[in-house]
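A short worksheet on the structure shown next.
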Amino acid sequence: MARGTMHRSVDRLATVVVLFLAFSECSRQKPAPLPDLPELAFESMIPVIREQIQKVYHRAQENPTDATANGHLGMVLHAYGQYESAEPYYHRAHLLQPDEFRWAYYLGTVRFFLGNDAAAAAALRVALRMDPQYYAARLRLAETFLALGELEECERMYRSVTKERPGSALAHYGLGRVESAHGRSVAAISHYRQACQLSETFAAAHYALALAYRDIGKTAKSETHFSLYEKYSSVKQVLEDPFLYEVTELETAAADDHFRRGLSLADADSLPQAVAAFERALEINPELMPAHVNLISLYGRLGQADRAEQQYRTAVRIDPSRADLYHNFGVLMAEQGKIQAATRAFRKALEVEPSYAEAHSSLGEMLEAQGRLEEATKHYRLAVKNKSNFRLAHSNLGRMLFALGEYEEAIEHFLSTLTPEDEQTAEYMYNLAIAFANSGDRQKAAYYARQAKQRAASLGQTELAALAEEILRKLGAEGS
């Protein structure tokens, strides 16, 4: 045998021996014991959440060694912010399925939220060994390093992210924090500025930049960014995290079920029941803005003005960028006869969303009530321009044009109110009858007056039927 060949054979044998010894050592190590299924304090949960969690809990009890059953229970608890209860279930899922990224990642995430930084870092490291490129896990691990004071590891992680994702505002913000921790204000400012440029609404970055500018004596710039922080303080900086989206969707799905039920009940005029459904949706997800918007309106319709106003204040703190919040509050103010407050609310809605047809129409009504007819007409025109099938706006604009003697254009807008056919159709036909009568078209005036009378009578709208009858009488068309 050649000498080189003999050496290679010896090397291979040595390698086999080492691998065998390593395997033998691993085989002697016992796997980590599986913790017992923890008890959950169901009595402290609100009923609507308790019901959802109990179903998943019973499934985990029936399948105690099923990683998915344990992990799913952790996800549901996580979705409702019960991180301490979620942690042991994620731990069990990870022990039962150690090669599944999600369980290690979720475990690290809830430990991060609980402030258990060392344990969070350990779990996140495991997750990243399975998927080294997962963006959210890298940012979370970097933040745990920062909390642990491991600045070199933290900086290395953030720099690796910015190298691959130069548009990551969160990573630049993180690097700014590292520089601030080192006392290097000028370097920190560079990263904070990049974070603010990449995400204009990044409130925390504006605040950090304001502090850094203050540290180097640039007061004017500091005040500018303090103002921007206050402006965007209610705007959340969203982290791209598909796995965490799966968790939050569990909460959203349950809240959405109650929300949809609330819509159905409101459509059926079951207002107290609709309110209860929307309130249950908000118990699950306090940031479900459509539920807040609907409750403002429903409380107002039920005569509960104080609750409606409180709902509005709460909702605006959560999301001040919703035009429909200001519009519904304006309707509430208008119903209470608070014309100026309503006008301000409708104008605020249009600041947020200039093409909001309903707000233009509602503002037009407030301006009309104040005798500002030219302005009112302008907003009614904008309403129909932005929503061509907006029946009420066509009616309002028709009235304005009729009052100005512009009968032909008024008739065009009144004709747009005839569909769909419902209990309001008789009133719109009555308006058309008057408009045609004033334009000199007696035949069409009689036709629409007759139609209005018949429809109003069939719906029990006796006063309107009598008014239509009066037009027919004046036209001499009673028997036509």
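In the structure tokens, each chain is lettered A, B, ... as it comes, each chain's residues begin at 1, and ligands are numbered from 1 in order of appearance.
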Contact residues around Asp319 of chain A with only C-alpha atoms at 8 Å, ignoring same-chain residues under 2 positions, as a PyMOL selection string: chain A and resi 234-235+289+315-317+321-322
Just-selected residues, C-alpha atoms written as a compact mmCIF listing (two decimals), in the first residue's frame:
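That gives us out_0.txt:
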```
# COMPACT_ATOMS: atom_id res chain seq x y z
CA SER A 234 -49.85 57.39 17.36
CA VAL A 235 -48.55 55.83 14.12
CA MET A 289 -61.36 50.89 13.78
CA ALA A 315 -60.81 56.08 18.41
CA VAL A 316 -59.01 59.29 17.44
CA ARG A 317 -56.24 58.49 19.93
CA SER A 321 -56.06 59.40 10.15
CA ARG A 322 -59.60 57.99 9.72
```
Which residues, written as a compact mmCIF listing (two decimals) with C-alpha atoms, in the first residue's frame, have at least one atom at most 10 Å from Leu95 of chain A, with only C-alpha atoms counted and residues fewer than 6 positions away on the same chain left out?
```
# COMPACT_ATOMS: atom_id res chain seq x y z
CA PRO A 31 -33.62 14.97 25.82
CA ALA A 32 -34.89 17.95 27.79
CA PRO A 33 -37.90 16.89 29.86
CA LEU A 34 -41.29 18.02 28.57
CA PRO A 35 -42.88 20.43 31.07
CA THR A 65 -47.53 15.38 22.70
CA ALA A 67 -46.45 19.96 18.74
CA TYR A 89 -46.80 26.10 25.30
CA TRP A 103 -41.90 27.36 17.49
CA ALA A 104 -38.36 28.56 18.24
```
Taking only C-alpha atoms into account, which of A:Leu40, A:Gly174, A:Val247, A:Leu373 comes nearest Gln61 of chain A?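 That would be A:Leu40, the residue with the smallest distance to Gln61 of chain A.
Minimum distance to Pro47 of chain A across A:Met400, A:Ala281, A:Ala433, A:Asp441 (counting only C-alpha atoms) occurs at A:Ala281.
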Excluding His172 of chain A and residues on its chain fewer than 3 positions from it, collect all residues at most 9 Å away from it, counting only C-alpha atoms, and give them as an NGL selection string. :A and (158-159 or 162 or 166-169 or 175-177 or 190-195)
Which of A:Thr144, A:Asn431, A:Asn294, A:Ser233 sits closest to Arg260 of chain A [using only C-alpha atoms]: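 Closest to Arg260 of chain A, using only C-alpha atoms: A:Asn294.
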All helix (DSSP H, G or I) residues (DSSP, backbone) inside segment 193-288 of chain A, as a PyMOL selection string: chain A and resi 193-198+203-215+219-232+242-267+271-284
Write the residues of the selection above to a file with C-alpha atoms, as an mmCIF file, in the first residue's frame.
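What landed in again-v2.cif:
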```
data_model
loop_
_atom_site.group_PDB
_atom_site.id
_atom_site.type_symbol
_atom_site.label_atom_id
_atom_site.label_comp_id
_atom_site.auth_asym_id
_atom_site.auth_seq_id
_atom_site.Cartn_x
_atom_site.Cartn_y
_atom_site.Cartn_z
ATOM 1 C CA ARG A 193 -31.747 60.714 9.892
ATOM 2 C CA GLN A 194 -31.669 57.798 7.460
ATOM 3 C CA ALA A 195 -34.404 56.058 9.452
ATOM 4 C CA CYS A 196 -36.577 59.189 9.329
ATOM 5 C CA GLN A 197 -35.962 59.643 5.606
ATOM 6 C CA LEU A 198 -36.870 56.030 4.913
ATOM 7 C CA ALA A 203 -42.002 58.535 15.678
ATOM 8 C CA ALA A 204 -39.332 56.799 17.793
ATOM 9 C CA ALA A 205 -36.628 57.717 15.266
ATOM 10 C CA HIS A 206 -37.746 61.368 15.293
ATOM 11 C CA TYR A 207 -37.612 61.364 19.094
ATOM 12 C CA ALA A 208 -34.136 59.803 19.187
ATOM 13 C CA LEU A 209 -32.932 62.263 16.543
ATOM 14 C CA ALA A 210 -34.354 65.171 18.552
ATOM 15 C CA LEU A 211 -32.417 64.019 21.638
ATOM 16 C CA ALA A 212 -29.211 63.544 19.632
ATOM 17 C CA TYR A 213 -29.480 67.040 18.122
ATOM 18 C CA ARG A 214 -30.118 68.460 21.577
ATOM 19 C CA ASP A 215 -26.964 66.735 22.864
ATOM 20 C CA THR A 219 -31.807 73.320 19.376
ATOM 21 C CA ALA A 220 -33.839 74.302 16.303
ATOM 22 C CA LYS A 221 -33.374 70.913 14.651
ATOM 23 C CA SER A 222 -34.115 69.207 17.949
ATOM 24 C CA GLU A 223 -37.422 71.070 18.298
ATOM 25 C CA THR A 224 -38.376 70.212 14.708
ATOM 26 C CA HIS A 225 -38.015 66.508 15.361
ATOM 27 C CA PHE A 226 -39.755 66.707 18.738
ATOM 28 C CA SER A 227 -42.700 68.220 16.838
ATOM 29 C CA LEU A 228 -42.577 65.414 14.262
ATOM 30 C CA TYR A 229 -42.486 62.871 17.076
ATOM 31 C CA GLU A 230 -45.660 64.374 18.557
ATOM 32 C CA LYS A 231 -47.307 64.446 15.132
ATOM 33 C CA TYR A 232 -46.639 60.759 14.436
ATOM 34 C CA PRO A 242 -45.256 36.953 8.159
ATOM 35 C CA PHE A 243 -45.070 34.463 11.042
ATOM 36 C CA LEU A 244 -46.321 37.040 13.533
ATOM 37 C CA TYR A 245 -49.104 37.998 11.110
ATOM 38 C CA GLU A 246 -50.390 34.429 11.503
ATOM 39 C CA VAL A 247 -50.663 35.046 15.253
ATOM 40 C CA THR A 248 -52.434 38.387 14.975
ATOM 41 C CA GLU A 249 -54.861 36.956 12.426
ATOM 42 C CA LEU A 250 -56.185 34.601 15.125
ATOM 43 C CA GLU A 251 -57.309 37.612 17.128
ATOM 44 C CA THR A 252 -58.549 39.429 14.033
ATOM 45 C CA ALA A 253 -60.660 36.480 12.875
ATOM 46 C CA ALA A 254 -62.533 36.261 16.181
ATOM 47 C CA ALA A 255 -63.069 40.027 16.298
ATOM 48 C CA ASP A 256 -64.207 40.047 12.669
ATOM 49 C CA ASP A 257 -66.878 37.441 13.402
ATOM 50 C CA HIS A 258 -68.474 39.738 15.976
ATOM 51 C CA PHE A 259 -67.975 42.763 13.727
ATOM 52 C CA ARG A 260 -69.810 41.110 10.812
ATOM 53 C CA ARG A 261 -72.612 40.119 13.151
ATOM 54 C CA GLY A 262 -72.826 43.734 14.308
ATOM 55 C CA LEU A 263 -73.186 44.922 10.716
ATOM 56 C CA SER A 264 -76.007 42.444 10.055
ATOM 57 C CA LEU A 265 -77.839 43.477 13.223
ATOM 58 C CA ALA A 266 -77.430 47.170 12.394
ATOM 59 C CA ASP A 267 -78.847 46.571 8.901
ATOM 60 C CA LEU A 271 -79.428 48.534 17.331
ATOM 61 C CA PRO A 272 -78.807 47.413 20.967
ATOM 62 C CA GLN A 273 -77.784 43.955 19.755
ATOM 63 C CA ALA A 274 -75.531 45.502 17.101
ATOM 64 C CA VAL A 275 -73.862 47.656 19.767
ATOM 65 C CA ALA A 276 -73.232 44.558 21.898
ATOM 66 C CA ALA A 277 -71.628 42.753 18.942
ATOM 67 C CA PHE A 278 -69.339 45.686 18.104
ATOM 68 C CA GLU A 279 -68.384 46.047 21.768
ATOM 69 C CA ARG A 280 -67.452 42.352 21.905
ATOM 70 C CA ALA A 281 -65.339 42.804 18.772
ATOM 71 C CA LEU A 282 -63.463 45.629 20.526
ATOM 72 C CA GLU A 283 -62.952 43.525 23.639
ATOM 73 C CA ILE A 284 -60.959 41.156 21.444
#
```
So, counting only C-alpha atoms, which residue among A:Ala121, A:Ala334, A:Leu37, A:Val352 is closest to His91 of chain A? A:Leu37
Listing only residues of segment 148-220 of chain A within 12 Å of segment 123-134 of chain A, what is the closest atom pair and its distance in Å (to one decimal) for each, using only C-alpha atoms, sorted by chain and residue number ascending, as JSON lines?
```
{"residue": "A:Met157", "atom": "CA", "partner": "A:Pro132", "partner_atom": "CA", "distance": 11.2}
{"residue": "A:Ser160", "atom": "CA", "partner": "A:Gln133", "partner_atom": "CA", "distance": 10.1}
{"residue": "A:Val161", "atom": "CA", "partner": "A:Gln133", "partner_atom": "CA", "distance": 9.0}
{"residue": "A:Glu164", "atom": "CA", "partner": "A:Gln133", "partner_atom": "CA", "distance": 9.7}
{"residue": "A:Arg165", "atom": "CA", "partner": "A:Gln133", "partner_atom": "CA", "distance": 11.1}
```
Neighbour list for Gln454 of chain A as a PyMOL selection string, cut-off 12 Å, only C-alpha atoms, skip fewer than 2 positions in-chain: chain A and resi 425-427+429-430+447-452+456-462+464-469
Save the residues we just selected, C-alpha atoms, as a compact mmCIF listing (two decimals), in the first residue's frame?
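Just written: out-v4.txt:
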```txt
# COMPACT_ATOMS: atom_id res chain seq x y z
CA THR A 425 -88.65 57.37 -3.83
CA ALA A 426 -92.04 59.04 -3.35
CA GLU A 427 -90.39 62.11 -1.83
CA MET A 429 -90.75 62.05 -7.23
CA TYR A 430 -92.58 64.83 -5.42
CA TYR A 447 -96.91 62.36 -14.09
CA TYR A 448 -94.45 62.56 -11.22
CA ALA A 449 -97.03 64.02 -8.84
CA ARG A 450 -99.34 61.09 -9.60
CA GLN A 451 -96.49 58.59 -9.11
CA ALA A 452 -95.53 60.27 -5.83
CA ALA A 456 -96.74 57.57 -0.72
CA ALA A 457 -100.26 56.22 -0.18
CA SER A 458 -99.08 52.61 -0.52
CA LEU A 459 -96.40 53.23 2.14
CA GLY A 460 -98.72 55.06 4.52
CA GLN A 461 -97.00 58.41 3.92
CA THR A 462 -100.27 60.29 4.15
CA LEU A 464 -96.70 63.39 1.38
CA ALA A 465 -99.60 61.85 -0.53
CA ALA A 466 -101.70 64.91 0.37
CA LEU A 467 -98.98 67.28 -0.88
CA ALA A 468 -98.77 65.41 -4.19
CA GLU A 469 -102.56 65.57 -4.46
```
Atom pair atom CA of Ser388 of chain A / atom CA of His360 of chain A: separation (Å): 13.0 Å
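Taking atom CA of Gly364 of chain A and atom CA of Thr377 of chain A as endpoints, the distance between them is 6.7 Å.
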Atom CA of Leu77 of chain A and atom CA of Ile49 of chain A, how far apart in Å?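 Separation between atom CA of Ile49 of chain A and atom CA of Leu77 of chain A: 9.6 Å.
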